[in-house]
>>> print(open('run35.pdb').read())   # PDB, C-alpha atoms
MODEL        1
ATOM      1  CA  MET A   1    -177.519-150.305-131.937
ATOM      2  CA  ALA A   2    -180.426-152.652-132.424
ATOM      3  CA  THR A   3    -181.653-156.226-132.765
ATOM      4  CA  ALA A   4    -182.248-157.694-136.212
ATOM      5  CA  LEU A   5    -185.012-160.149-137.063
ATOM      6  CA  PHE A   6    -184.370-162.309-140.111
ATOM      7  CA  THR A   7    -187.380-164.005-141.725
ATOM      8  CA  HIS A   8    -188.650-165.019-145.145
ATOM      9  CA  ASP A   9    -191.999-166.151-146.518
ATOM     10  CA  ASP A  10    -190.270-169.180-148.057
ATOM     11  CA  SER A  11    -190.444-170.705-144.575
ATOM     12  CA  LEU A  12    -194.202-170.959-145.154
ATOM     13  CA  ARG A  13    -193.586-173.070-148.264
ATOM     14  CA  HIS A  14    -191.914-175.840-146.274
ATOM     15  CA  LEU A  15    -194.986-178.030-145.834
ATOM     16  CA  THR A  16    -195.299-181.165-143.734
ATOM     17  CA  PRO A  17    -198.022-183.836-143.607
ATOM     18  CA  PRO A  18    -201.205-183.143-141.630
ATOM     19  CA  GLY A  19    -200.643-183.559-137.907
ATOM     20  CA  HIS A  20    -196.868-183.073-138.132
ATOM     21  CA  PRO A  21    -195.599-180.948-135.220
ATOM     22  CA  GLU A  22    -193.096-178.965-137.328
ATOM     23  CA  ARG A  23    -195.739-177.063-139.258
ATOM     24  CA  VAL A  24    -196.317-173.745-140.987
ATOM     25  CA  GLU A  25    -198.375-172.490-138.061
ATOM     26  CA  ARG A  26    -195.194-172.272-135.974
ATOM     27  CA  ALA A  27    -193.856-169.474-138.164
ATOM     28  CA  GLN A  28    -197.227-167.785-138.258
ATOM     29  CA  ALA A  29    -197.575-167.848-134.466
ATOM     30  CA  MET A  30    -194.167-166.241-134.016
ATOM     31  CA  ALA A  31    -194.827-163.652-136.693
ATOM     32  CA  ALA A  32    -198.055-162.636-134.963
ATOM     33  CA  ALA A  33    -196.317-162.328-131.594
ATOM     34  CA  LEU A  34    -193.438-160.289-133.025
ATOM     35  CA  ALA A  35    -195.854-157.929-134.786
ATOM     36  CA  ALA A  36    -196.825-156.386-131.423
ATOM     37  CA  PRO A  37    -195.954-152.685-130.987
ATOM     38  CA  ARG A  38    -193.190-153.431-128.469
ATOM     39  CA  PHE A  39    -191.213-154.998-131.314
ATOM     40  CA  ASP A  40    -191.411-151.960-133.598
ATOM     41  CA  GLY A  41    -187.728-151.300-132.922
ATOM     42  CA  LEU A  42    -186.587-154.504-134.582
ATOM     43  CA  VAL A  43    -184.497-154.192-137.726
ATOM     44  CA  ARG A  44    -186.459-156.510-140.003
ATOM     45  CA  ARG A  45    -184.526-158.151-142.801
ATOM     46  CA  ALA A  46    -185.287-160.824-145.370
ATOM     47  CA  SER A  47    -183.235-163.986-145.080
ATOM     48  CA  PRO A  48    -181.230-164.399-148.291
ATOM     49  CA  LEU A  49    -181.049-167.622-150.249
ATOM     50  CA  ALA A  50    -177.760-169.193-149.203
ATOM     51  CA  ALA A  51    -175.253-170.082-151.876
ATOM     52  CA  GLU A  52    -174.739-173.811-152.032
ATOM     53  CA  ALA A  53    -171.101-173.235-151.049
ATOM     54  CA  GLU A  54    -172.422-172.210-147.639
ATOM     55  CA  VAL A  55    -174.037-175.612-147.148
ATOM     56  CA  LEU A  56    -170.732-177.219-148.109
ATOM     57  CA  ARG A  57    -169.034-175.575-145.135
ATOM     58  CA  ALA A  58    -170.616-178.311-143.018
ATOM     59  CA  HIS A  59    -171.950-180.999-145.370
ATOM     60  CA  PRO A  60    -170.387-183.022-148.194
ATOM     61  CA  ALA A  61    -171.622-182.404-151.734
ATOM     62  CA  ARG A  62    -173.339-185.792-151.801
ATOM     63  CA  HIS A  63    -175.553-184.724-148.903
ATOM     64  CA  LEU A  64    -176.584-181.523-150.667
ATOM     65  CA  GLU A  65    -177.352-183.446-153.843
ATOM     66  CA  ALA A  66    -179.363-186.082-151.965
ATOM     67  CA  ILE A  67    -181.563-183.377-150.431
ATOM     68  CA  ARG A  68    -182.005-181.685-153.815
ATOM     69  CA  ALA A  69    -182.931-185.018-155.403
ATOM     70  CA  ASN A  70    -185.598-185.562-152.745
ATOM     71  CA  ILE A  71    -187.661-182.500-153.734
ATOM     72  CA  PRO A  72    -191.135-183.773-154.706
ATOM     73  CA  LEU A  73    -193.147-182.346-157.578
ATOM     74  CA  THR A  74    -196.249-182.619-155.424
ATOM     75  CA  GLY A  75    -197.068-183.825-151.934
ATOM     76  CA  PHE A  76    -194.331-184.959-149.572
ATOM     77  CA  ASN A  77    -191.182-187.048-149.764
ATOM     78  CA  PRO A  78    -189.805-188.550-146.542
ATOM     79  CA  VAL A  79    -186.176-188.035-145.595
ATOM     80  CA  ASP A  80    -186.615-190.303-142.591
ATOM     81  CA  GLY A  81    -189.578-191.379-140.492
ATOM     82  CA  ASP A  82    -189.967-187.891-138.974
ATOM     83  CA  THR A  83    -188.588-185.561-141.638
ATOM     84  CA  PHE A  84    -190.395-184.606-144.831
ATOM     85  CA  MET A  85    -189.855-182.393-147.839
ATOM     86  CA  SER A  86    -192.400-180.579-149.959
ATOM     87  CA  GLU A  87    -191.845-178.659-153.174
ATOM     88  CA  GLY A  88    -190.786-175.544-151.231
ATOM     89  CA  SER A  89    -188.607-177.217-148.614
ATOM     90  CA  PHE A  90    -185.258-176.904-150.380
ATOM     91  CA  ASP A  91    -185.546-173.143-150.803
ATOM     92  CA  ALA A  92    -186.828-172.791-147.226
ATOM     93  CA  ALA A  93    -183.794-174.699-145.980
ATOM     94  CA  LEU A  94    -181.455-172.490-147.999
ATOM     95  CA  ARG A  95    -183.200-169.423-146.531
ATOM     96  CA  ALA A  96    -182.605-170.831-143.036
ATOM     97  CA  VAL A  97    -178.900-171.218-143.775
ATOM     98  CA  GLY A  98    -178.822-167.839-145.503
ATOM     99  CA  GLY A  99    -180.587-166.063-142.662
ATOM    100  CA  CYS A 100    -178.138-167.392-140.111
ATOM    101  CA  GLY A 101    -175.192-166.402-142.290
ATOM    102  CA  ALA A 102    -176.583-162.921-142.935
ATOM    103  CA  ALA A 103    -177.218-162.468-139.211
ATOM    104  CA  VAL A 104    -173.604-163.373-138.451
ATOM    105  CA  ASP A 105    -172.425-160.905-141.108
ATOM    106  CA  ALA A 106    -174.617-158.086-139.747
ATOM    107  CA  VAL A 107    -173.553-158.626-136.145
ATOM    108  CA  LEU A 108    -169.846-158.909-136.963
ATOM    109  CA  ALA A 109    -170.038-155.809-139.176
ATOM    110  CA  GLY A 110    -171.485-153.843-136.239
ATOM    111  CA  GLU A 111    -174.732-153.096-138.067
ATOM    112  CA  VAL A 112    -176.724-154.546-135.148
ATOM    113  CA  THR A 113    -175.757-155.849-131.732
ATOM    114  CA  ASN A 114    -177.579-159.153-131.968
ATOM    115  CA  ALA A 115    -180.086-161.013-134.128
ATOM    116  CA  PHE A 116    -182.801-163.650-134.122
ATOM    117  CA  VAL A 117    -183.396-165.841-137.163
ATOM    118  CA  ALA A 118    -186.979-167.125-137.211
ATOM    119  CA  CYS A 119    -186.371-169.962-139.625
ATOM    120  CA  ARG A 120    -187.782-173.311-140.529
ATOM    121  CA  PRO A 121    -186.867-176.039-141.095
ATOM    122  CA  PRO A 122    -184.710-176.136-137.954
ATOM    123  CA  GLY A 123    -181.163-177.437-138.137
ATOM    124  CA  HIS A 124    -179.527-178.826-135.009
ATOM    125  CA  HIS A 125    -180.304-182.511-135.729
ATOM    126  CA  ALA A 126    -178.798-182.450-139.247
ATOM    127  CA  GLU A 127    -175.511-184.357-139.112
ATOM    128  CA  ARG A 128    -172.698-184.044-141.632
ATOM    129  CA  SER A 129    -174.192-186.629-143.970
ATOM    130  CA  ARG A 130    -177.684-187.250-142.616
ATOM    131  CA  SER A 131    -180.834-185.174-142.310
ATOM    132  CA  MET A 132    -183.094-186.148-139.437
ATOM    133  CA  GLY A 133    -185.328-184.830-136.674
ATOM    134  CA  PHE A 134    -187.175-182.320-138.909
ATOM    135  CA  CYS A 135    -183.790-180.829-139.979
ATOM    136  CA  LEU A 136    -182.198-180.727-143.438
ATOM    137  CA  PHE A 137    -179.035-178.616-143.020
ATOM    138  CA  GLY A 138    -177.049-177.670-139.912
ATOM    139  CA  ASN A 139    -178.031-174.000-139.829
ATOM    140  CA  ILE A 140    -176.200-172.918-136.685
ATOM    141  CA  ALA A 141    -173.135-175.111-137.338
ATOM    142  CA  ILE A 142    -172.803-173.571-140.799
ATOM    143  CA  ALA A 143    -173.078-170.100-139.241
ATOM    144  CA  ALA A 144    -170.239-170.971-136.862
ATOM    145  CA  LYS A 145    -168.081-172.154-139.755
ATOM    146  CA  ARG A 146    -168.835-168.914-141.606
ATOM    147  CA  ALA A 147    -167.806-166.793-138.647
ATOM    148  CA  LEU A 148    -164.557-168.722-138.266
ATOM    149  CA  ASP A 149    -163.539-169.298-141.879
ATOM    150  CA  LEU A 150    -164.863-166.165-143.584
ATOM    151  CA  HIS A 151    -164.600-163.594-140.799
ATOM    152  CA  GLY A 152    -161.456-164.971-139.197
ATOM    153  CA  LEU A 153    -162.740-165.450-135.653
ATOM    154  CA  HIS A 154    -160.850-167.816-133.366
ATOM    155  CA  ARG A 155    -163.460-168.728-130.723
ATOM    156  CA  VAL A 156    -167.179-169.201-131.306
ATOM    157  CA  ALA A 157    -169.491-170.604-128.631
ATOM    158  CA  ILE A 158    -172.822-172.301-129.341
ATOM    159  CA  VAL A 159    -175.416-172.745-126.599
ATOM    160  CA  ASP A 160    -178.308-175.059-127.463
ATOM    161  CA  PHE A 161    -181.196-175.021-124.971
ATOM    162  CA  ASP A 162    -183.629-176.999-127.130
ATOM    163  CA  VAL A 163    -185.183-179.895-125.186
ATOM    164  CA  HIS A 164    -183.576-182.367-127.617
ATOM    165  CA  HIS A 165    -179.830-182.843-127.908
ATOM    166  CA  GLY A 166    -178.218-181.037-130.838
ATOM    167  CA  ASN A 167    -176.621-184.159-132.230
ATOM    168  CA  GLY A 168    -176.116-182.659-135.679
ATOM    169  CA  THR A 169    -174.286-179.589-134.426
ATOM    170  CA  GLN A 170    -172.158-181.837-132.225
ATOM    171  CA  ASP A 171    -171.368-184.166-135.130
ATOM    172  CA  ILE A 172    -170.355-181.350-137.481
ATOM    173  CA  LEU A 173    -168.193-179.532-134.930
ATOM    174  CA  TRP A 174    -166.916-182.473-132.880
ATOM    175  CA  ASP A 175    -163.301-182.047-133.967
ATOM    176  CA  ASP A 176    -163.154-178.253-134.287
ATOM    177  CA  PRO A 177    -161.322-176.778-131.263
ATOM    178  CA  ARG A 178    -162.376-173.254-132.279
ATOM    179  CA  VAL A 179    -165.973-174.005-131.262
ATOM    180  CA  LEU A 180    -167.342-174.642-127.799
ATOM    181  CA  PHE A 181    -170.660-176.487-128.125
ATOM    182  CA  ILE A 182    -172.895-176.607-125.054
ATOM    183  CA  SER A 183    -176.227-178.435-125.070
ATOM    184  CA  SER A 184    -178.744-178.852-122.274
ATOM    185  CA  HIS A 185    -181.498-181.345-123.027
ATOM    186  CA  GLN A 186    -183.858-183.903-121.572
ATOM    187  CA  TRP A 187    -182.231-187.317-121.377
ATOM    188  CA  PRO A 188    -183.120-189.984-122.214
ATOM    189  CA  LEU A 189    -185.048-188.624-125.194
ATOM    190  CA  TYR A 190    -184.743-188.409-128.955
ATOM    191  CA  PRO A 191    -182.210-188.640-130.591
ATOM    192  CA  GLY A 192    -180.518-190.682-127.835
ATOM    193  CA  THR A 193    -177.230-188.788-127.871
ATOM    194  CA  GLY A 194    -175.947-186.126-125.498
ATOM    195  CA  ARG A 195    -174.475-188.036-122.576
ATOM    196  CA  ALA A 196    -172.162-186.077-120.311
ATOM    197  CA  SER A 197    -169.355-188.388-121.433
ATOM    198  CA  GLU A 198    -169.551-186.976-124.983
ATOM    199  CA  THR A 199    -166.958-184.207-124.743
ATOM    200  CA  GLY A 200    -165.650-183.662-128.279
ATOM    201  CA  ALA A 201    -162.275-184.403-129.813
ATOM    202  CA  HIS A 202    -160.696-181.461-127.993
ATOM    203  CA  GLY A 203    -162.854-181.214-124.878
ATOM    204  CA  ASN A 204    -164.921-178.671-126.818
ATOM    205  CA  VAL A 205    -168.357-180.235-126.122
ATOM    206  CA  LEU A 206    -170.301-179.878-122.886
ATOM    207  CA  ASN A 207    -173.532-181.857-122.578
ATOM    208  CA  ILE A 208    -175.947-181.230-119.704
ATOM    209  CA  PRO A 209    -178.482-184.105-119.566
ATOM    210  CA  LEU A 210    -181.616-183.201-117.594
ATOM    211  CA  ARG A 211    -184.150-185.625-116.157
ATOM    212  CA  ALA A 212    -187.794-185.495-117.196
ATOM    213  CA  GLY A 213    -189.614-183.082-114.931
ATOM    214  CA  THR A 214    -186.658-180.727-114.478
ATOM    215  CA  ASP A 215    -188.128-177.319-113.690
ATOM    216  CA  GLY A 216    -186.771-173.836-114.210
ATOM    217  CA  ALA A 217    -185.109-173.601-110.810
ATOM    218  CA  ALA A 218    -183.133-176.808-111.387
ATOM    219  CA  MET A 219    -182.239-175.689-114.899
ATOM    220  CA  ARG A 220    -180.939-172.355-113.603
ATOM    221  CA  ALA A 221    -178.839-174.124-110.992
ATOM    222  CA  ALA A 222    -177.312-176.382-113.666
ATOM    223  CA  TYR A 223    -176.473-173.413-115.872
ATOM    224  CA  ASP A 224    -174.999-171.474-112.945
ATOM    225  CA  LEU A 225    -172.836-174.442-111.984
ATOM    226  CA  GLN A 226    -171.708-175.674-115.396
ATOM    227  CA  VAL A 227    -172.595-173.535-118.397
ATOM    228  CA  TRP A 228    -171.745-169.970-117.411
ATOM    229  CA  PRO A 229    -168.296-170.806-115.972
ATOM    230  CA  GLU A 230    -167.436-172.782-119.125
ATOM    231  CA  LEU A 231    -168.518-169.905-121.349
ATOM    232  CA  GLU A 232    -166.622-167.356-119.285
ATOM    233  CA  GLU A 233    -163.424-169.414-119.424
ATOM    234  CA  PHE A 234    -163.739-169.879-123.208
ATOM    235  CA  GLU A 235    -163.992-166.096-123.802
ATOM    236  CA  PRO A 236    -165.999-166.333-127.051
ATOM    237  CA  GLU A 237    -165.723-163.731-129.781
ATOM    238  CA  LEU A 238    -169.288-164.547-130.849
ATOM    239  CA  ILE A 239    -172.112-166.470-129.188
ATOM    240  CA  LEU A 240    -174.553-168.477-131.284
ATOM    241  CA  VAL A 241    -177.762-169.852-129.809
ATOM    242  CA  SER A 242    -179.875-172.793-130.912
ATOM    243  CA  ALA A 243    -183.125-171.443-129.493
ATOM    244  CA  GLY A 244    -185.563-174.287-129.108
ATOM    245  CA  PHE A 245    -188.566-173.537-126.934
ATOM    246  CA  ASP A 246    -189.763-177.122-126.515
ATOM    247  CA  ALA A 247    -188.488-177.401-122.939
ATOM    248  CA  HIS A 248    -191.605-175.399-122.058
ATOM    249  CA  GLU A 249    -193.970-177.223-119.714
ATOM    250  CA  ALA A 250    -196.754-177.025-122.332
ATOM    251  CA  ASP A 251    -194.790-178.639-125.154
ATOM    252  CA  PRO A 252    -196.274-181.929-126.410
ATOM    253  CA  LEU A 253    -193.011-183.624-127.444
ATOM    254  CA  ALA A 254    -191.054-183.652-124.179
ATOM    255  CA  ASN A 255    -191.288-183.469-120.400
ATOM    256  CA  LEU A 256    -189.264-180.585-119.009
ATOM    257  CA  ASP A 257    -191.125-178.011-116.927
ATOM    258  CA  TRP A 258    -189.729-174.623-117.876
ATOM    259  CA  ASP A 259    -191.881-171.538-118.284
ATOM    260  CA  THR A 260    -191.646-168.423-120.436
ATOM    261  CA  GLU A 261    -189.620-166.496-117.867
ATOM    262  CA  ASP A 262    -186.999-169.255-117.864
ATOM    263  CA  PHE A 263    -186.292-168.564-121.538
ATOM    264  CA  ALA A 264    -186.097-164.846-120.768
ATOM    265  CA  TRP A 265    -183.589-165.601-117.976
ATOM    266  CA  LEU A 266    -181.448-167.749-120.267
ATOM    267  CA  THR A 267    -181.414-165.041-122.915
ATOM    268  CA  ARG A 268    -180.591-162.347-120.361
ATOM    269  CA  ARG A 269    -177.595-164.273-119.033
ATOM    270  CA  LEU A 270    -176.353-165.118-122.527
ATOM    271  CA  CYS A 271    -176.544-161.446-123.489
ATOM    272  CA  GLU A 272    -174.670-160.445-120.341
ATOM    273  CA  ILE A 273    -171.850-162.861-121.121
ATOM    274  CA  ALA A 274    -171.803-161.646-124.726
ATOM    275  CA  GLN A 275    -171.499-158.075-123.454
ATOM    276  CA  ASP A 276    -168.616-159.043-121.181
ATOM    277  CA  HIS A 277    -166.617-160.941-123.802
ATOM    278  CA  CYS A 278    -167.609-160.001-127.357
ATOM    279  CA  GLY A 279    -169.269-156.622-127.455
ATOM    280  CA  GLY A 280    -172.727-158.155-127.135
ATOM    281  CA  ARG A 281    -172.374-160.062-130.406
ATOM    282  CA  LEU A 282    -174.946-162.855-130.389
ATOM    283  CA  VAL A 283    -176.975-164.614-133.089
ATOM    284  CA  SER A 284    -179.912-166.849-132.205
ATOM    285  CA  ALA A 285    -181.761-169.216-134.528
ATOM    286  CA  LEU A 286    -185.053-171.022-134.004
ATOM    287  CA  GLU A 287    -184.998-174.749-133.394
ATOM    288  CA  GLY A 288    -187.962-176.533-131.732
ATOM    289  CA  GLY A 289    -191.113-175.504-129.912
ATOM    290  CA  TYR A 290    -194.387-177.190-130.836
ATOM    291  CA  ASP A 291    -197.112-175.772-128.614
ATOM    292  CA  LEU A 292    -198.069-172.675-130.585
ATOM    293  CA  ASP A 293    -199.004-170.472-127.633
ATOM    294  CA  ALA A 294    -195.910-171.439-125.646
ATOM    295  CA  LEU A 295    -193.706-170.983-128.706
ATOM    296  CA  ALA A 296    -195.094-167.522-129.447
ATOM    297  CA  ALA A 297    -194.789-166.336-125.847
ATOM    298  CA  SER A 298    -191.300-167.793-125.338
ATOM    299  CA  ALA A 299    -189.932-166.493-128.637
ATOM    300  CA  ALA A 300    -191.360-163.067-127.839
ATOM    301  CA  ALA A 301    -189.691-163.094-124.407
ATOM    302  CA  HIS A 302    -186.419-164.184-126.037
ATOM    303  CA  VAL A 303    -186.491-161.395-128.613
ATOM    304  CA  ALA A 304    -187.541-158.804-126.028
ATOM    305  CA  GLU A 305    -184.423-159.634-124.001
ATOM    306  CA  LEU A 306    -182.244-159.403-127.101
ATOM    307  CA  MET A 307    -183.681-155.948-127.761
ATOM    308  CA  GLU A 308    -183.155-154.854-124.164
ATOM    309  CA  HIS A 309    -179.476-155.758-124.389
ATOM    310  CA  SER A 310    -178.908-154.128-127.775
ATOM    311  CA  ARG A 311    -179.567-150.581-126.528
TER     312      ARG A 311
ENDMDL
END
>>> encode(input="run35.pdb", output="structure tokens")
Amino acid sequence: MATALFTHDDSLRHLTPPGHPERVERAQAMAAALAAPRFDGLVRRASPLAAEAEVLRAHPARHLEAIRANIPLTGFNPVDGDTFMSEGSFDAALRAVGGCGAAVDAVLAGEVTNAFVACRPPGHHAERSRSMGFCLFGNIAIAAKRALDLHGLHRVAIVDFDVHHGNGTQDILWDDPRVLFISSHQWPLYPGTGRASETGAHGNVLNIPLRAGTDGAAMRAAYDLQVWPELEEFEPELILVSAGFDAHEADPLANLDWDTEDFAWLTRRLCEIAQDHCGGRLVSALEGGYDLDALAASAAAHVAELMEHSR
């Protein structure tokens, strides 16, 4: 078995204004890192363009149409104060959704053990009816819905270790007892959600707020105490990961103090739990990470661990 990497050049056509942190160079930095010889064993696949029906698994038609109507002929159109669209953004967003869906299909079909979707724009801030925080569609939430509704799974877990709370994923899946959503994140910080008291309609949400300055040792202790036992008890049939690398100490948008090895440790433990409960089946999708060197190193460490656990 192997690890799949889903990418598409359409992600380079999602342009943002000069100085915006969610920029084309993020995809280029990861691509350069994952071109190293140690990644020759990856199964490299092109992310397909998602059918619009896939978007409708998580978003109402009016949301899809509003995003389509916002496509500019030239330059940029704002979605909110932080989120912009260029001429290529709509297709890039559909590739992000499509890559996550194709990764779920490949893993559940037994073609690969696990997969990483190097997509942009990210998705975990996109709520049911609102795009925000650099995100247009809820990529990982849509993937969960696909696994449940199309493939007939009963229990899907999502672990989001991005430094910002995955408010969009939480909003979309709040009342779905088939999904366990776990998010660790700096708090207080954008978007202002993610208190421990937010537990979902069925106790299916676990939020782990972390103070600014939390280092890797404290993070590992929190995961050992709260996250791993919750995952083990849930017994997921598939694990999805919102892989944001902006909790890195070098990231300019937040103030957690993790290092590259912390992301490797998180990935290792997630893979071990996937092996114990669901045959190793795990799909990870890129969220944040805005220091290019830290992003490239952390994503490479993440993928290397996925590969190690797919043998």
>>> resolve_selection(input="run35.pdb", expression="the PyMOL selection byres ((chain A and resi 155) around 10)", output="ChimeraX atom specification")
/A:144,147-148,152-154,156-157,177-180,234-239
>>> resolve_selection(input="run35.pdb", expression="the PyMOL selection byres ((chain A and resi 77) around 12)", output="number ranges by chain")
A: 14-17, 67-76, 78-90
>>> residues_around(input="run35.pdb", residues="segment 213-217 of chain A", least_positions_apart="4", cutoff="12 Å", atoms="all atoms listed in the file", output="VMD selection string")
chain A and resid 163 184 to 188 208 to 209 221 to 224 247 to 250 254 to 266
>>> write_last_selection(input="run35.pdb", atoms="C-alpha atoms", output="PDB file, in the coordinates of the input")
ATOM      1  CA  VAL A 163    -185.183-179.895-125.186  1.00  0.00           C
ATOM      2  CA  SER A 184    -178.744-178.852-122.274  1.00  0.00           C
ATOM      3  CA  HIS A 185    -181.498-181.345-123.027  1.00  0.00           C
ATOM      4  CA  GLN A 186    -183.858-183.903-121.572  1.00  0.00           C
ATOM      5  CA  TRP A 187    -182.231-187.317-121.377  1.00  0.00           C
ATOM      6  CA  PRO A 188    -183.120-189.984-122.214  1.00  0.00           C
ATOM      7  CA  ILE A 208    -175.947-181.230-119.704  1.00  0.00           C
ATOM      8  CA  PRO A 209    -178.482-184.105-119.566  1.00  0.00           C
ATOM      9  CA  ALA A 221    -178.839-174.124-110.992  1.00  0.00           C
ATOM     10  CA  ALA A 222    -177.312-176.382-113.666  1.00  0.00           C
ATOM     11  CA  TYR A 223    -176.473-173.413-115.872  1.00  0.00           C
ATOM     12  CA  ASP A 224    -174.999-171.474-112.945  1.00  0.00           C
ATOM     13  CA  ALA A 247    -188.488-177.401-122.939  1.00  0.00           C
ATOM     14  CA  HIS A 248    -191.605-175.399-122.058  1.00  0.00           C
ATOM     15  CA  GLU A 249    -193.970-177.223-119.714  1.00  0.00           C
ATOM     16  CA  ALA A 250    -196.754-177.025-122.332  1.00  0.00           C
ATOM     17  CA  ALA A 254    -191.054-183.652-124.179  1.00  0.00           C
ATOM     18  CA  ASN A 255    -191.288-183.469-120.400  1.00  0.00           C
ATOM     19  CA  LEU A 256    -189.264-180.585-119.009  1.00  0.00           C
ATOM     20  CA  ASP A 257    -191.125-178.011-116.927  1.00  0.00           C
ATOM     21  CA  TRP A 258    -189.729-174.623-117.876  1.00  0.00           C
ATOM     22  CA  ASP A 259    -191.881-171.538-118.284  1.00  0.00           C
ATOM     23  CA  THR A 260    -191.646-168.423-120.436  1.00  0.00           C
ATOM     24  CA  GLU A 261    -189.620-166.496-117.867  1.00  0.00           C
ATOM     25  CA  ASP A 262    -186.999-169.255-117.864  1.00  0.00           C
ATOM     26  CA  PHE A 263    -186.292-168.564-121.538  1.00  0.00           C
ATOM     27  CA  ALA A 264    -186.097-164.846-120.768  1.00  0.00           C
ATOM     28  CA  TRP A 265    -183.589-165.601-117.976  1.00  0.00           C
ATOM     29  CA  LEU A 266    -181.448-167.749-120.267  1.00  0.00           C
TER      30      LEU A 266
END
>>> resolve_selection(input="run35.pdb", expression="the PyMOL selection byres ((chain A and resi 133) around 12)", output="NGL selection string")
:A and (20-22 or 78-84 or 121-127 or 130-132 or 134-138 or 164-168 or 190-192 or 287-288)
>>> residues_around(input="run35.pdb", residues="Gly41 of chain A", least_positions_apart="4", cutoff="10 Å", atoms="all atoms listed in the file", output="mmCIF file with C-alpha atoms, in the coordinates of the input")
data_model
loop_
_atom_site.group_PDB
_atom_site.id
_atom_site.type_symbol
_atom_site.label_atom_id
_atom_site.label_comp_id
_atom_site.auth_asym_id
_atom_site.auth_seq_id
_atom_site.Cartn_x
_atom_site.Cartn_y
_atom_site.Cartn_z
ATOM 1 C CA ALA A 2 -180.426 -152.652 -132.424
ATOM 2 C CA THR A 3 -181.653 -156.226 -132.765
ATOM 3 C CA ALA A 4 -182.248 -157.694 -136.212
ATOM 4 C CA PRO A 37 -195.954 -152.685 -130.987
ATOM 5 C CA MET A 307 -183.681 -155.948 -127.761
#
>>> closest_residue(input="run35.pdb", among="A:Leu292, A:Cys271, A:Ala27, A:Leu150", to="Arg311 of chain A", atoms="only C-alpha atoms")
A:Cys271
>>> closest_residue(input="run35.pdb", among="A:Pro48, A:Ala285, A:Cys119, A:Val303", to="Gln28 of chain A", atoms="only C-alpha atoms")
A:Cys119
>>> closest_residue(input="run35.pdb", among="A:His309, A:Gly99, A:Phe116, A:Phe161", to="Met219 of chain A", atoms="all atoms listed in the file")
A:Phe161
>>> atom_distance(input="run35.pdb", atom1="atom CA of Ala29 of chain A", atom2="atom CA of Phe6 of chain A")
15.4 Å
>>> atom_distance(input="run35.pdb", atom1="atom CA of Gln275 of chain A", atom2="atom CA of Val241 of chain A")
14.8 Å
>>> residues_around(input="run35.pdb", residues="Arg95 of chain A", least_positions_apart="2", cutoff="7 Å", atoms="all atoms listed in the file", output="PyMOL selection string")
chain A and resi 47-50+91-93+97-99
>>> closest_residue(input="run35.pdb", among="A:Ala212, A:Ala296, A:Ala58, A:Ile172", to="Gly200 of chain A", atoms="all atoms listed in the file")
A:Ile172
>>> atom_distance(input="run35.pdb", atom1="atom CA of Arg146 of chain A", atom2="atom CA of Ile158 of chain A")
13.3 Å
>>> axis_aligned_box(input="run35.pdb", around="segment 68-82 of chain A", padding_each_side="8 Å", output="AutoDock Vina command-line options")
--center_x -189.5 --center_y -186.5 --center_z -148.3 --size_x 31.1 --size_y 25.7 --size_z 34.6
>>> closest_residue(input="run35.pdb", among="A:Thr113, A:Gly289, A:Ala118, A:Glu232", to="Leu12 of chain A", atoms="all atoms listed in the file")
A:Ala118
>>> closest_residue(input="run35.pdb", among="A:Leu270, A:Ala218, A:Leu42, A:Leu286", to="Ser11 of chain A", atoms="all atoms listed in the file")
A:Leu286
>>> build_atoms(input="run35.pdb", residues="segment 127-136 of chain A", atoms="N, CA and C atoms", output="compact mmCIF listing (two decimals), in the frame of the given file")
# COMPACT_ATOMS: atom_id res chain seq x y z
N GLU A 127 -176.92 -183.97 -139.23
CA GLU A 127 -175.51 -184.36 -139.11
C GLU A 127 -174.79 -184.08 -140.43
N ARG A 128 -173.49 -184.32 -140.43
CA ARG A 128 -172.70 -184.04 -141.63
C ARG A 128 -173.33 -184.66 -142.88
N SER A 129 -173.73 -185.90 -142.78
CA SER A 129 -174.19 -186.63 -143.97
C SER A 129 -175.58 -187.21 -143.79
N ARG A 130 -176.35 -186.70 -142.84
CA ARG A 130 -177.68 -187.25 -142.62
C ARG A 130 -178.63 -186.17 -142.11
N SER A 131 -179.75 -186.03 -142.79
CA SER A 131 -180.83 -185.17 -142.31
C SER A 131 -181.75 -186.01 -141.45
N MET A 132 -182.24 -185.42 -140.35
CA MET A 132 -183.09 -186.15 -139.44
C MET A 132 -183.75 -185.16 -138.48
N GLY A 133 -184.74 -185.63 -137.73
CA GLY A 133 -185.33 -184.83 -136.67
C GLY A 133 -185.89 -183.51 -137.14
N PHE A 134 -186.56 -183.51 -138.30
CA PHE A 134 -187.18 -182.32 -138.91
C PHE A 134 -186.16 -181.40 -139.57
N CYS A 135 -184.86 -181.74 -139.54
CA CYS A 135 -183.79 -180.83 -139.98
C CYS A 135 -183.14 -181.32 -141.27
N LEU A 136 -182.85 -180.39 -142.17
CA LEU A 136 -182.20 -180.73 -143.44
C LEU A 136 -180.73 -180.34 -143.46
